[in-house]
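Text of the file query_31.txt, holding compact mmCIF, C-alpha atoms:
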# COMPACT_ATOMS: atom_id res chain seq x y z
CA MET A 384 27.67 4.00 27.72
CA GLY A 385 25.04 3.62 30.39
CA ALA A 386 22.77 0.71 30.98
CA GLY A 387 21.55 -1.22 27.95
CA VAL A 388 18.59 0.26 26.18
CA THR A 389 17.35 -2.96 24.62
CA ALA A 390 14.42 -4.22 26.62
CA ALA A 391 12.04 -7.13 26.38
CA THR A 392 8.54 -6.41 25.21
CA PRO A 393 5.84 -6.31 26.24
CA ALA A 394 7.03 -6.65 29.83
CA ASP A 395 8.09 -3.01 29.82
CA GLY A 396 5.06 -1.92 27.86
CA LEU A 397 4.96 -0.96 24.23
CA PRO A 398 5.53 2.62 23.07
CA ALA A 399 2.52 4.74 22.33
CA ARG A 400 1.01 4.34 18.84
CA SER A 401 2.77 1.00 18.32
CA ARG A 402 1.87 -0.56 14.99
CA GLY A 403 1.12 -4.20 15.64
CA VAL A 404 -1.90 -5.05 13.52
CA ILE A 405 -4.68 -3.18 11.73
CA ALA A 406 -8.16 -3.61 13.12
CA LEU A 407 -11.41 -3.13 11.23
CA LEU A 408 -14.56 -1.65 12.73
CA GLU A 409 -16.77 -2.99 9.98
CA GLU A 410 -19.82 -1.14 11.26
CA ASN A 411 -18.15 2.08 10.15
CA CYS A 412 -17.05 0.84 6.73
CA THR A 413 -18.99 2.31 3.81
CA VAL A 414 -17.10 0.38 1.10
CA CYS A 415 -15.70 3.60 -0.32
CA MET A 416 -12.59 1.68 -1.51
CA LEU A 417 -10.25 4.51 -0.51
CA CYS A 418 -8.03 2.28 1.63
CA VAL A 419 -7.77 -0.32 -1.14
CA ARG A 420 -6.76 2.30 -3.68
CA GLU A 421 -4.29 4.07 -1.43
CA CYS A 422 -2.56 0.90 -0.25
CA PRO A 423 0.91 0.90 -1.90
CA ASP A 424 1.22 -2.85 -1.33
CA TRP A 425 -2.15 -3.81 -2.81
CA CYS A 426 -2.77 -5.94 0.29
CA ILE A 427 -6.38 -4.94 1.08
CA TYR A 428 -9.22 -6.82 -0.59
CA ILE A 429 -12.83 -5.69 -0.52
CA GLU A 430 -15.87 -7.43 -1.99
CA SER A 431 -19.23 -5.70 -1.84
CA HIS A 432 -22.63 -5.46 -3.43
CA GLN A 433 -25.46 -2.93 -3.56
CA GLU A 434 -28.83 -3.27 -1.89
CA PRO A 435 -31.87 -1.02 -2.18
CA VAL A 436 -32.58 1.03 0.89
CA PRO A 437 -36.13 0.29 2.11
CA GLY A 438 -38.27 3.37 2.54
CA ALA A 439 -36.10 5.45 0.24
CA GLU A 440 -37.80 4.70 -3.05
CA TYR A 441 -38.10 8.36 -3.94
CA GLY A 442 -35.49 10.73 -5.02
CA GLY A 443 -36.09 13.35 -2.35
CA ALA A 444 -37.41 12.97 1.16
CA GLY A 445 -39.81 10.20 2.06
CA ASP A 446 -42.83 12.35 1.17
CA PRO A 447 -45.03 10.64 -1.44
CA ALA A 448 -46.92 13.88 -2.12
CA ARG A 449 -43.82 15.65 -3.30
CA ALA A 450 -42.22 12.67 -4.93
CA PRO A 451 -44.89 10.37 -6.34
CA ALA A 452 -44.27 6.68 -6.52
CA GLY A 453 -42.32 5.61 -9.53
CA ARG A 454 -40.38 8.81 -9.80
CA GLY A 455 -36.91 9.46 -8.62
CA ARG A 456 -34.18 6.98 -8.17
CA GLN A 457 -34.11 4.00 -5.89
CA ARG A 458 -31.59 4.66 -3.14
CA VAL A 459 -28.98 1.98 -2.79
CA ARG A 460 -26.34 1.38 -0.23
CA ASN A 461 -23.13 -0.60 -0.43
CA VAL A 462 -22.93 -3.74 1.65
CA LEU A 463 -19.57 -5.17 2.64
CA ASP A 464 -19.17 -8.85 1.77
CA ARG A 465 -15.48 -9.31 2.36
CA PHE A 466 -12.74 -7.21 3.88
CA ALA A 467 -9.32 -8.80 4.12
CA ILE A 468 -5.80 -7.56 4.78
CA ASP A 469 -2.85 -9.68 3.72
CA PHE A 470 -0.30 -9.07 6.45
CA SER A 471 2.31 -11.01 4.51
CA LEU A 472 2.32 -8.09 2.06
CA CYS A 473 1.51 -5.23 4.45
CA MET A 474 4.45 -2.97 5.23
CA TYR A 475 2.69 -1.31 8.15
CA CYS A 476 2.80 2.16 6.64
CA GLY A 477 -0.62 3.05 8.04
CA ILE A 478 -1.78 4.87 4.93
CA CYS A 479 -5.07 2.94 5.00
CA VAL A 480 -5.70 4.01 8.58
CA GLU A 481 -4.98 7.62 7.61
CA ALA A 482 -7.02 7.40 4.41
CA CYS A 483 -10.20 6.02 5.98
CA PRO A 484 -12.65 8.95 6.27
CA TYR A 485 -15.13 6.93 8.35
CA ASP A 486 -12.96 5.72 11.25
CA ALA A 487 -13.21 2.09 10.28
CA LEU A 488 -9.50 1.22 10.48
CA PHE A 489 -7.39 1.42 13.61
CA TRP A 490 -3.93 0.51 14.76
CA SER A 491 -3.65 -2.13 17.43
CA PRO A 492 -0.36 -2.76 19.23
CA ASP A 493 -0.99 -6.52 19.26
CA PHE A 494 1.71 -8.30 17.27
CA SER A 495 1.18 -11.91 18.27
CA TYR A 496 -0.14 -13.46 15.09
CA ALA A 497 2.86 -15.25 13.61
CA GLU A 498 1.95 -18.12 11.30
CA THR A 499 3.71 -21.08 9.70
CA ASP A 500 1.47 -20.88 6.61
CA ILE A 501 1.75 -17.64 4.67
CA ALA A 502 -1.87 -17.84 3.56
CA ALA A 503 -2.97 -17.63 7.18
CA LEU A 504 -1.54 -14.12 7.36
CA THR A 505 -4.49 -12.90 5.31
CA HIS A 506 -6.87 -11.82 8.02
CA GLU A 507 -10.50 -11.82 6.98
CA GLN A 508 -13.28 -9.56 8.21
CA GLY A 509 -14.13 -11.45 11.39
CA ARG A 510 -10.54 -11.65 12.55
CA LEU A 511 -9.92 -8.00 11.72
CA ARG A 512 -13.02 -7.12 13.75
CA GLU A 513 -11.70 -9.11 16.71
CA TRP A 514 -8.53 -6.99 16.73
CA MET A 515 -10.74 -4.01 17.59
CA TRP A 516 -10.86 -5.28 21.17
CA THR A 517 -7.10 -4.73 21.41
CA VAL A 518 -7.19 -1.15 20.10
CA PRO A 519 -6.22 1.25 22.89
CA PRO A 520 -8.46 4.21 23.67
CA PRO A 521 -7.49 7.40 21.87
CA PRO A 522 -5.08 9.66 23.74
CA ALA A 523 -6.60 12.21 26.09
CA HIS A 524 -7.18 15.72 24.83
CA ASP A 525 -4.67 18.37 25.69
CA GLU A 526 -5.25 20.68 28.59
CA GLY A 527 -7.46 23.59 27.56
CA GLN A 528 -8.26 22.05 24.19
CA ARG A 529 -11.66 22.75 22.68
CA PRO A 530 -13.98 19.83 23.45
CA PRO A 531 -14.74 17.48 20.55
CA GLN A 532 -17.62 18.61 18.38
CA ASP A 533 -19.22 15.25 17.67
CA MET B 735 25.60 8.21 -12.33
CA VAL B 736 26.17 10.07 -9.07
CA VAL B 737 29.10 9.35 -6.73
CA HIS B 738 29.72 10.92 -3.36
CA VAL B 739 33.39 10.96 -2.42
CA TYR B 740 34.34 11.84 1.11
CA SER B 741 37.74 12.23 2.68
CA LEU B 742 37.85 11.12 6.29
CA ALA B 743 41.28 12.70 6.76
CA GLY B 744 40.59 16.00 5.04
CA ARG B 745 36.87 16.04 5.87
CA HIS B 746 35.87 17.32 2.52
CA HIS B 747 33.23 16.04 0.22
CA VAL B 748 32.97 15.92 -3.55
CA LEU B 749 29.88 15.02 -5.51
CA LEU B 750 30.57 13.62 -8.98
CA ALA B 751 27.70 13.37 -11.42
CA THR B 752 27.77 12.35 -15.06
CA ALA B 753 25.25 11.43 -17.71
CA LEU B 754 25.53 8.06 -19.43
CA PRO B 755 23.99 6.88 -22.70
CA ARG B 756 21.04 4.59 -22.07
CA SER B 757 22.08 2.10 -24.73
CA SER B 758 25.64 1.37 -23.62
CA PRO B 759 26.42 2.94 -20.22
CA ARG B 760 30.08 2.41 -19.32
CA LEU B 761 32.45 4.01 -16.83
CA PRO B 762 36.01 3.31 -15.72
CA THR B 763 36.18 1.50 -12.42
CA ALA B 764 37.01 3.26 -9.17
CA THR B 765 38.44 0.13 -7.57
CA GLY B 766 41.98 1.34 -8.27
CA VAL B 767 41.34 4.23 -5.87
CA TYR B 768 38.85 2.66 -3.49
CA ARG B 769 38.98 -1.12 -3.22
CA GLY B 770 35.67 -1.03 -1.37
CA ALA B 771 33.97 0.33 -4.47
CA ALA B 772 34.08 -3.16 -5.98
CA TRP B 773 30.86 -4.36 -4.39
CA HIS B 774 29.05 -1.10 -5.14
CA GLU B 775 30.03 -1.35 -8.77
CA ARG B 776 28.91 -4.97 -8.94
CA GLU B 777 25.54 -3.97 -7.52
CA THR B 778 25.24 -1.00 -9.88
CA HIS B 779 26.13 -3.28 -12.76
CA GLU B 780 23.41 -5.83 -12.06
CA MET B 781 20.74 -3.35 -10.96
CA PHE B 782 21.21 -0.67 -13.62
CA GLY B 783 23.28 -2.39 -16.30
CA ILE B 784 26.22 0.01 -16.09
CA GLY B 785 29.53 -1.48 -17.09
CA PHE B 786 32.76 -0.69 -15.25
CA ASP B 787 35.89 -1.00 -17.36
CA GLY B 788 38.78 -2.51 -15.48
CA HIS B 789 36.70 -4.01 -12.68
CA PRO B 790 38.38 -7.22 -11.48
CA HIS B 791 35.21 -9.31 -11.05
CA LEU B 792 32.00 -7.78 -12.35
CA ALA B 793 29.75 -10.72 -11.40
CA PRO B 794 26.20 -10.42 -10.02
CA LEU B 795 26.26 -9.70 -6.31
CA LEU B 796 22.67 -9.95 -5.11
CA LEU B 797 20.55 -11.29 -7.95
CA PRO B 798 20.17 -15.03 -8.51
CA ASP B 799 22.02 -16.75 -11.35
CA GLY B 800 20.35 -16.37 -14.70
CA PHE B 801 18.33 -13.29 -13.76
CA VAL B 802 17.49 -11.28 -16.86
CA GLY B 803 17.18 -7.52 -16.77
CA HIS B 804 18.17 -4.66 -14.52
CA PRO B 805 15.47 -4.39 -11.85
CA LEU B 806 16.21 -0.88 -10.57
CA ARG B 807 15.75 0.71 -13.97
CA LYS B 808 12.54 2.66 -14.33
CA ASP B 809 11.51 0.67 -17.40
CA PHE B 810 11.83 -2.70 -15.63
CA VAL B 811 8.39 -4.27 -15.28
CA LEU B 812 7.88 -5.48 -11.72
CA ALA B 813 6.44 -8.98 -11.73
CA ALA B 814 4.34 -8.36 -8.63
CA ARG B 815 2.60 -5.44 -10.35
CA ALA B 816 2.27 -7.14 -13.72
CA ALA B 817 0.91 -10.49 -12.56
CA LYS B 818 -1.64 -9.29 -10.04
CA GLU B 819 -4.87 -7.44 -10.57
CA TRP B 820 -5.18 -4.13 -8.77
CA PRO B 821 -7.70 -4.62 -5.94
CA GLY B 822 -8.68 -0.96 -6.19
CA ALA B 823 -10.05 -1.37 -9.73
CA LYS B 824 -13.42 -2.31 -8.28
CA GLU B 825 -15.98 0.40 -7.67
CA PRO B 826 -17.86 0.54 -4.36
CA GLY B 827 -20.64 -2.01 -4.46
CA GLU B 828 -19.15 -3.83 -7.41
CA ARG B 829 -19.25 -7.60 -7.46
CA GLY B 830 -16.82 -10.03 -8.95
CA VAL B 831 -14.98 -8.95 -12.07
CA PRO B 832 -14.30 -5.21 -12.27
CA GLY B 833 -16.49 -3.49 -14.80
CA GLU B 834 -19.06 -6.27 -15.05
CA ARG B 835 -21.78 -4.86 -12.88
CA GLY B 836 -24.14 -3.51 -15.48
CA VAL B 837 -24.46 -0.66 -17.92
CA PRO B 838 -23.06 2.58 -16.47
CA GLY B 839 -25.79 5.16 -16.14
CA GLU B 840 -28.50 2.59 -15.45
CA ARG B 841 -30.49 2.72 -12.28
CA GLY B 842 -28.34 2.13 -9.24
CA VAL B 843 -25.25 1.72 -11.36
CA PRO B 844 -23.14 4.83 -10.94
CA ARG B 845 -20.99 5.84 -13.84
CA ALA B 846 -17.69 4.12 -13.24
CA ARG B 847 -14.72 6.35 -12.78
CA ARG B 848 -12.03 4.21 -14.34
CA ARG B 849 -8.51 4.92 -13.37
CA GLY B 850 -5.48 2.78 -13.00
CA PRO B 851 -3.42 2.15 -9.91
CA PRO B 852 -1.21 5.07 -8.89
CA HIS B 853 2.49 4.93 -9.78
CA VAL B 854 2.05 2.01 -12.15
CA PRO B 855 2.67 2.79 -15.84
CA ASP B 856 -0.02 2.08 -18.43
CA GLY B 857 0.33 -1.25 -20.09
CA TRP B 858 1.36 -3.19 -17.03
CA GLY B 859 -0.81 -5.77 -15.40
CA PRO B 860 -2.89 -8.66 -16.68
CA ALA B 861 -4.47 -7.79 -20.01

Rendering of file as structure tokens:
Amino acid sequence: MGAGVTAATPADGLPARSRGVIALLEENCTVCMLCVRECPDWCIYIESHQEPVPGAEYGGAGDPARAPAGRGRQRVRNVLDRFAIDFSLCMYCGICVEACPYDALFWSPDFSYAETDIAALTHEQGRLREWMWTVPPPPAHDEGQRPPQD
Amino acid sequence: MVVHVYSLAGRHHVLLATALPRSSPRLPTATGVYRGAAWHERETHEMFGIGFDGHPHLAPLLLPDGFVGHPLRKDFVLAARAAKEWPGAKEPGERGVPGERGVPGERGVPRARRRGPPHVPDGWGPA
């Protein structure tokens, strides 16, 4: 046996893609509910409501000549009221991060959120948004890789 | 019931599999051959309800005293799934109680696609 392999963290730095906490970029969330439904632990809670989209009163484009007032369907959009993750239930599988089609959920390596009250492990929207500041930048593209399209 | 038997000396491996009746599953104990099988048989007894004839002390190993049922059986209702409402039952943009947003098909109320939580049998959960 060589030298010990057990090392203190984070003095030596955490491994890449460490799963510490899940961060929410609520600006990207469309309330599609996919993460909630995929979560095997049922630990994600979303509350939302619908609001009419101003200027989109017609079914087609915003052209009153083609779509006279009163016809077509009022466009609505979903507004997020509450997004919470209960980290006392979460098993850190990352399925929600994988399932999110809108890049609203991210892994952060930050793990320092131990609590003495189990209820405090339910992180609400604001706290989940704050974790975004601890999310590392995505890894660099490979040499010779096609540049991103977006 | 599936048992893997491995000989460290001979380095050969035998897989024993047998079907048991659901109503009264019983097997003779293997503790006469392997003393270490005692704990495994105790665990199998409490988790699946399989009896082992000739076992010296077939008491619960992991479950608390007075626990009713065999929790690793497929038909065992998990309390955490039965007592809690599935958070995914809500549709996007739905407020409060699932299903109480309005009449499906009305303006701005998309037809709800009702489906239960994956991997949870019908009939579980709060009624």

Practice item. Enter the distance from CA of Thr763 in chain B to CA of Tyr740 in chain B, in Å, rounded to one decimal. Key: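 Answer for the CA of Thr763 in chain B to CA of Tyr740 in chain B separation: 17.1 Å.
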
**Study point:** Which of B:Gly822, B:Gly788, B:Gly744, B:Gly803 sits closest to Pro762 in chain B [using all atoms listed in the file]
**Key:**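 With all atoms listed in the file as the atom set, the closest residue is B:Gly788.
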
Residues within 8 Å of Glu777 in chain B, only C-alpha atoms, excluding chain neighbours under 6 positions, as a PDB file with C-alpha atoms, in the coordinates of the input:
ATOM      1  CA  PRO B 794      26.200 -10.420 -10.020  1.00  0.00           C
ATOM      2  CA  LEU B 795      26.260  -9.700  -6.310  1.00  0.00           C
ATOM      3  CA  LEU B 796      22.670  -9.950  -5.110  1.00  0.00           C
TER       4      LEU B 796
END

Review point. From the set A:Gly403, A:Pro423, A:Leu408, A:Pro398, which residue has the shortest atom-to-atom contact distance to chain B, counting all atoms listed in the file?
Key: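 Checking each of A:Gly403, A:Pro423, A:Leu408, A:Pro398 against chain B, counting all atoms listed in the file, the winner is A:Pro423.
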
Build an axis-aligned box that encloses every atom of range 823-830 of chain B listed in the file, pad it by 6 Å on each side, and report its centre and edge lengths in Å to one decimal, as JSON.
{"center_x": -15.3, "center_y": -4.7, "center_z": -7.0, "size_x": 22.6, "size_y": 22.6, "size_z": 17.4}

Point to revise | Which of A:Val518, A:Met416, A:Leu463, A:Leu511 sits closest to Arg400 in chain A [using only C-alpha atoms] | key: A:Val518

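Taking CA of Ser491 in chain A and CA of Arg529 in chain A as endpoints, the distance between them is 26.7 Å.
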
Check your understanding: Near Pro522 in chain A, counting all atoms listed in the file, which residues have an atom at most 10 Å away, once you skip same-chain residues fewer than 3 positions from it, shown as a VMD selection string?
Key -> chain A and resid 399 to 400 519 525

Check your understanding: For chain A against chain B, which residues fall within 9 Å using all atoms listed in the file, given as a PyMOL selection string?
Key -> chain A and resi 413-423+425-435+456-463

Residues from the last selection, C-alpha atoms, saved as a compact mmCIF listing (two decimals), keeping the file's coordinate frame:
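Output saved as part-v2.txt:
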# COMPACT_ATOMS: atom_id res chain seq x y z
CA THR A 413 -18.99 2.31 3.81
CA VAL A 414 -17.10 0.38 1.10
CA CYS A 415 -15.70 3.60 -0.32
CA MET A 416 -12.59 1.68 -1.51
CA LEU A 417 -10.25 4.51 -0.51
CA CYS A 418 -8.03 2.28 1.63
CA VAL A 419 -7.77 -0.32 -1.14
CA ARG A 420 -6.76 2.30 -3.68
CA GLU A 421 -4.29 4.07 -1.43
CA CYS A 422 -2.56 0.90 -0.25
CA PRO A 423 0.91 0.90 -1.90
CA TRP A 425 -2.15 -3.81 -2.81
CA CYS A 426 -2.77 -5.94 0.29
CA ILE A 427 -6.38 -4.94 1.08
CA TYR A 428 -9.22 -6.82 -0.59
CA ILE A 429 -12.83 -5.69 -0.52
CA GLU A 430 -15.87 -7.43 -1.99
CA SER A 431 -19.23 -5.70 -1.84
CA HIS A 432 -22.63 -5.46 -3.43
CA GLN A 433 -25.46 -2.93 -3.56
CA GLU A 434 -28.83 -3.27 -1.89
CA PRO A 435 -31.87 -1.02 -2.18
CA ARG A 456 -34.18 6.98 -8.17
CA GLN A 457 -34.11 4.00 -5.89
CA ARG A 458 -31.59 4.66 -3.14
CA VAL A 459 -28.98 1.98 -2.79
CA ARG A 460 -26.34 1.38 -0.23
CA ASN A 461 -23.13 -0.60 -0.43
CA VAL A 462 -22.93 -3.74 1.65
CA LEU A 463 -19.57 -5.17 2.64

Practice item. Rounded to one decimal place, report the CA of Val404 in chain A-CA of Gln508 in chain A distance in Å. Key: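 Computed distance, CA of Val404 in chain A to CA of Gln508 in chain A, equals 13.3 Å.
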
Practice item. Find the residues near Ser471 in chain A: any atom within 12 Å, counting only C-alpha atoms, skip ones fewer than 2 places away on the same chain, and give them as a PyMOL selection string. Key: chain A and resi 404+424-427+467-469+473-475+496-506

Review point. Quick one: of A:Glu526, A:Asp493, A:Glu513, A:Glu481, who's nearest to Ser401 in chain A, counting only C-alpha atoms?
Key: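 Ranked by minimum distance to Ser401 in chain A, first place goes to A:Asp493.
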
Exercise for review: Please work out which residues fall within 7 Å of (-3.0, 3.2, 9.2), coordinates as given in the file, with all atoms listed in the file counting, and return them as number ranges by chain.
Suggested key: A: 476-481, 488-490

Pull C-alpha atoms from the residues just selected and write them as an mmCIF file, in the coordinates of the input.
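Saved file again.cif follows:
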data_model
loop_
_atom_site.group_PDB
_atom_site.id
_atom_site.type_symbol
_atom_site.label_atom_id
_atom_site.label_comp_id
_atom_site.auth_asym_id
_atom_site.auth_seq_id
_atom_site.Cartn_x
_atom_site.Cartn_y
_atom_site.Cartn_z
ATOM 1 C CA CYS A 476 2.800 2.160 6.640
ATOM 2 C CA GLY A 477 -0.620 3.050 8.040
ATOM 3 C CA ILE A 478 -1.780 4.870 4.930
ATOM 4 C CA CYS A 479 -5.070 2.940 5.000
ATOM 5 C CA VAL A 480 -5.700 4.010 8.580
ATOM 6 C CA GLU A 481 -4.980 7.620 7.610
ATOM 7 C CA LEU A 488 -9.500 1.220 10.480
ATOM 8 C CA PHE A 489 -7.390 1.420 13.610
ATOM 9 C CA TRP A 490 -3.930 0.510 14.760
#

Review point. Which residue gives the smallest distance to His789 in chain B among B:Pro805, B:Gly766, B:Pro855, B:Val811, with all atoms listed in the file counted?
Key: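 Under the stated criterion, the closest residue is B:Gly766.
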
Generate the coordinates of N, CA and C atoms for range 751-784 of chain B; report them as a PDB file, in the frame of the given file.
ATOM      1  N   ALA B 751      28.885  13.798 -10.680  1.00  0.00           N
ATOM      2  CA  ALA B 751      27.700  13.370 -11.420  1.00  0.00           C
ATOM      3  C   ALA B 751      28.007  13.417 -12.901  1.00  0.00           C
ATOM      4  N   THR B 752      27.563  12.379 -13.615  1.00  0.00           N
ATOM      5  CA  THR B 752      27.770  12.350 -15.060  1.00  0.00           C
ATOM      6  C   THR B 752      26.603  11.653 -15.723  1.00  0.00           C
ATOM      7  N   ALA B 753      26.311  12.072 -16.935  1.00  0.00           N
ATOM      8  CA  ALA B 753      25.250  11.430 -17.710  1.00  0.00           C
ATOM      9  C   ALA B 753      25.837  10.305 -18.541  1.00  0.00           C
ATOM     10  N   LEU B 754      25.075   9.207 -18.652  1.00  0.00           N
ATOM     11  CA  LEU B 754      25.530   8.060 -19.430  1.00  0.00           C
ATOM     12  C   LEU B 754      24.513   7.758 -20.506  1.00  0.00           C
ATOM     13  N   PRO B 755      24.954   7.267 -21.656  1.00  0.00           N
ATOM     14  CA  PRO B 755      23.990   6.880 -22.700  1.00  0.00           C
ATOM     15  C   PRO B 755      23.197   5.653 -22.241  1.00  0.00           C
ATOM     16  N   ARG B 756      21.897   5.675 -22.524  1.00  0.00           N
ATOM     17  CA  ARG B 756      21.040   4.590 -22.070  1.00  0.00           C
ATOM     18  C   ARG B 756      21.418   3.264 -22.733  1.00  0.00           C
ATOM     19  N   SER B 757      21.861   3.340 -23.988  1.00  0.00           N
ATOM     20  CA  SER B 757      22.080   2.100 -24.730  1.00  0.00           C
ATOM     21  C   SER B 757      23.322   1.358 -24.228  1.00  0.00           C
ATOM     22  N   SER B 758      24.432   2.063 -24.044  1.00  0.00           N
ATOM     23  CA  SER B 758      25.640   1.370 -23.620  1.00  0.00           C
ATOM     24  C   SER B 758      26.335   2.190 -22.519  1.00  0.00           C
ATOM     25  N   PRO B 759      25.806   2.163 -21.300  1.00  0.00           N
ATOM     26  CA  PRO B 759      26.420   2.940 -20.220  1.00  0.00           C
ATOM     27  C   PRO B 759      27.690   2.271 -19.698  1.00  0.00           C
ATOM     28  N   ARG B 760      28.804   2.956 -19.798  1.00  0.00           N
ATOM     29  CA  ARG B 760      30.080   2.410 -19.320  1.00  0.00           C
ATOM     30  C   ARG B 760      30.854   3.503 -18.597  1.00  0.00           C
ATOM     31  N   LEU B 761      31.598   3.089 -17.571  1.00  0.00           N
ATOM     32  CA  LEU B 761      32.450   4.010 -16.830  1.00  0.00           C
ATOM     33  C   LEU B 761      33.720   3.268 -16.461  1.00  0.00           C
ATOM     34  N   PRO B 762      34.824   3.980 -16.280  1.00  0.00           N
ATOM     35  CA  PRO B 762      36.010   3.310 -15.720  1.00  0.00           C
ATOM     36  C   PRO B 762      35.783   2.998 -14.246  1.00  0.00           C
ATOM     37  N   THR B 763      36.393   1.924 -13.795  1.00  0.00           N
ATOM     38  CA  THR B 763      36.180   1.500 -12.420  1.00  0.00           C
ATOM     39  C   THR B 763      36.910   2.425 -11.448  1.00  0.00           C
ATOM     40  N   ALA B 764      36.359   2.501 -10.232  1.00  0.00           N
ATOM     41  CA  ALA B 764      37.010   3.260  -9.170  1.00  0.00           C
ATOM     42  C   ALA B 764      37.744   2.357  -8.203  1.00  0.00           C
ATOM     43  N   THR B 765      37.826   1.057  -8.523  1.00  0.00           N
ATOM     44  CA  THR B 765      38.440   0.130  -7.570  1.00  0.00           C
ATOM     45  C   THR B 765      39.929   0.369  -7.416  1.00  0.00           C
ATOM     46  N   GLY B 766      40.563   1.020  -8.403  1.00  0.00           N
ATOM     47  CA  GLY B 766      41.980   1.340  -8.270  1.00  0.00           C
ATOM     48  C   GLY B 766      42.221   2.366  -7.171  1.00  0.00           C
ATOM     49  N   VAL B 767      41.218   3.216  -6.911  1.00  0.00           N
ATOM     50  CA  VAL B 767      41.340   4.230  -5.870  1.00  0.00           C
ATOM     51  C   VAL B 767      40.743   3.740  -4.557  1.00  0.00           C
ATOM     52  N   TYR B 768      39.526   3.199  -4.664  1.00  0.00           N
ATOM     53  CA  TYR B 768      38.850   2.660  -3.490  1.00  0.00           C
ATOM     54  C   TYR B 768      38.571   1.184  -3.723  1.00  0.00           C
ATOM     55  N   ARG B 769      39.235   0.312  -3.020  1.00  0.00           N
ATOM     56  CA  ARG B 769      38.980  -1.120  -3.220  1.00  0.00           C
ATOM     57  C   ARG B 769      37.552  -1.481  -2.825  1.00  0.00           C
ATOM     58  N   GLY B 770      37.028  -0.743  -1.840  1.00  0.00           N
ATOM     59  CA  GLY B 770      35.670  -1.030  -1.370  1.00  0.00           C
ATOM     60  C   GLY B 770      34.593  -0.694  -2.388  1.00  0.00           C
ATOM     61  N   ALA B 771      34.971  -0.001  -3.451  1.00  0.00           N
ATOM     62  CA  ALA B 771      33.970   0.330  -4.470  1.00  0.00           C
ATOM     63  C   ALA B 771      33.587  -0.892  -5.294  1.00  0.00           C
ATOM     64  N   ALA B 772      34.324  -1.991  -5.135  1.00  0.00           N
ATOM     65  CA  ALA B 772      34.080  -3.160  -5.980  1.00  0.00           C
ATOM     66  C   ALA B 772      32.646  -3.671  -5.822  1.00  0.00           C
ATOM     67  N   TRP B 773      32.221  -3.841  -4.592  1.00  0.00           N
ATOM     68  CA  TRP B 773      30.860  -4.360  -4.390  1.00  0.00           C
ATOM     69  C   TRP B 773      29.808  -3.380  -4.889  1.00  0.00           C
ATOM     70  N   HIS B 774      30.026  -2.090  -4.674  1.00  0.00           N
ATOM     71  CA  HIS B 774      29.050  -1.100  -5.140  1.00  0.00           C
ATOM     72  C   HIS B 774      28.949  -1.122  -6.660  1.00  0.00           C
ATOM     73  N   GLU B 775      30.062  -1.308  -7.308  1.00  0.00           N
ATOM     74  CA  GLU B 775      30.030  -1.350  -8.770  1.00  0.00           C
ATOM     75  C   GLU B 775      29.382  -2.630  -9.276  1.00  0.00           C
ATOM     76  N   ARG B 776      29.600  -3.726  -8.557  1.00  0.00           N
ATOM     77  CA  ARG B 776      28.910  -4.970  -8.940  1.00  0.00           C
ATOM     78  C   ARG B 776      27.405  -4.803  -8.794  1.00  0.00           C
ATOM     79  N   GLU B 777      26.979  -4.169  -7.728  1.00  0.00           N
ATOM     80  CA  GLU B 777      25.540  -3.970  -7.520  1.00  0.00           C
ATOM     81  C   GLU B 777      24.975  -3.023  -8.583  1.00  0.00           C
ATOM     82  N   THR B 778      25.704  -1.944  -8.857  1.00  0.00           N
ATOM     83  CA  THR B 778      25.240  -1.000  -9.880  1.00  0.00           C
ATOM     84  C   THR B 778      25.179  -1.673 -11.248  1.00  0.00           C
ATOM     85  N   HIS B 779      26.110  -2.574 -11.478  1.00  0.00           N
ATOM     86  CA  HIS B 779      26.130  -3.280 -12.760  1.00  0.00           C
ATOM     87  C   HIS B 779      24.896  -4.158 -12.919  1.00  0.00           C
ATOM     88  N   GLU B 780      24.539  -4.905 -11.892  1.00  0.00           N
ATOM     89  CA  GLU B 780      23.410  -5.830 -12.060  1.00  0.00           C
ATOM     90  C   GLU B 780      22.077  -5.100 -11.948  1.00  0.00           C
ATOM     91  N   MET B 781      22.016  -4.019 -11.161  1.00  0.00           N
ATOM     92  CA  MET B 781      20.740  -3.350 -10.960  1.00  0.00           C
ATOM     93  C   MET B 781      20.420  -2.350 -12.074  1.00  0.00           C
ATOM     94  N   PHE B 782      21.448  -1.706 -12.607  1.00  0.00           N
ATOM     95  CA  PHE B 782      21.210  -0.670 -13.620  1.00  0.00           C
ATOM     96  C   PHE B 782      21.852  -1.002 -14.967  1.00  0.00           C
ATOM     97  N   GLY B 783      22.667  -2.026 -15.036  1.00  0.00           N
ATOM     98  CA  GLY B 783      23.280  -2.390 -16.300  1.00  0.00           C
ATOM     99  C   GLY B 783      24.433  -1.498 -16.716  1.00  0.00           C
ATOM    100  N   ILE B 784      25.077  -0.860 -15.761  1.00  0.00           N
ATOM    101  CA  ILE B 784      26.220   0.010 -16.090  1.00  0.00           C
ATOM    102  C   ILE B 784      27.496  -0.812 -16.004  1.00  0.00           C
TER     103      ILE B 784
END
